[in-house]
Amino acid sequence: MAKKENTFLLLSLEEEKAKKLATVISNEVCRRLLDCLAKKEATETELSRELNIPISTIT
């Protein structure tokens, strides 16, 4: 079985970005997109294919 890599992000809870990030990571699709983009850059088309998500959702 392949070992899953964990991705970490260090962020101050006092930053406004923390509130925005909390909203984003509460969504499963957004978490999958962030996880993928944390590993490599990708176009919307590449993300759509790799994650099997409609491109309209990614946009």
# chains A, B, ... in the order shown; residues from 1 in each chain; ligands from 1
>>> select_by_dssp(residues="chain A", states="helix (DSSP H, G or I)", output="PyMOL selection string")
chain A and resi 16-25+28-39+44-51+55-58
>>> atom_distance(atom1="atom CA of Lys39 of chain A", atom2="atom CA of Val24 of chain A")
17.7 Å
>>> atom_distance(atom1="atom CA of Glu50 of chain A", atom2="atom CA of Leu37 of chain A")
11.2 Å
>>> residues_around(residues="Glu5 of chain A", least_positions_apart="6", cutoff="12 Å", atoms="only C-alpha atoms", output="JSON, numbers by chain")
{"A": [35, 36, 38, 39]}
>>> write_last_selection(atoms="C-alpha atoms", output="CSV table (one decimal), in the first residue's frame")
chain,number,residue,atom,x,y,z
A,35,ASP,CA,-3.4,19.3,-1.5
A,36,CYS,CA,-2.7,18.8,-5.1
A,38,ALA,CA,0.9,22.0,-2.6
A,39,LYS,CA,2.7,19.3,-4.4
>>> atom_distance(atom1="atom CA of Leu33 of chain A", atom2="atom CA of Asn6 of chain A")
14.0 Å
>>> residues_around(residues="segment 41-45 of chain A", least_positions_apart="2", cutoff="7 Å", atoms="only C-alpha atoms", output="ChimeraX atom specification")
/A:37,47-49,55,58-59
>>> write_last_selection(atoms="C-alpha atoms", output="compact mmCIF listing (two decimals), in the first residue's frame")
# COMPACT_ATOMS: atom_id res chain seq x y z
CA LEU A 37 -1.37 22.36 -5.64
CA LEU A 47 -6.46 19.60 -11.93
CA SER A 48 -9.78 18.63 -13.50
CA ARG A 49 -8.30 15.48 -15.00
CA ILE A 55 -13.39 22.27 -14.76
CA ILE A 58 -12.19 24.29 -10.36
CA THR A 59 -12.65 27.68 -11.98
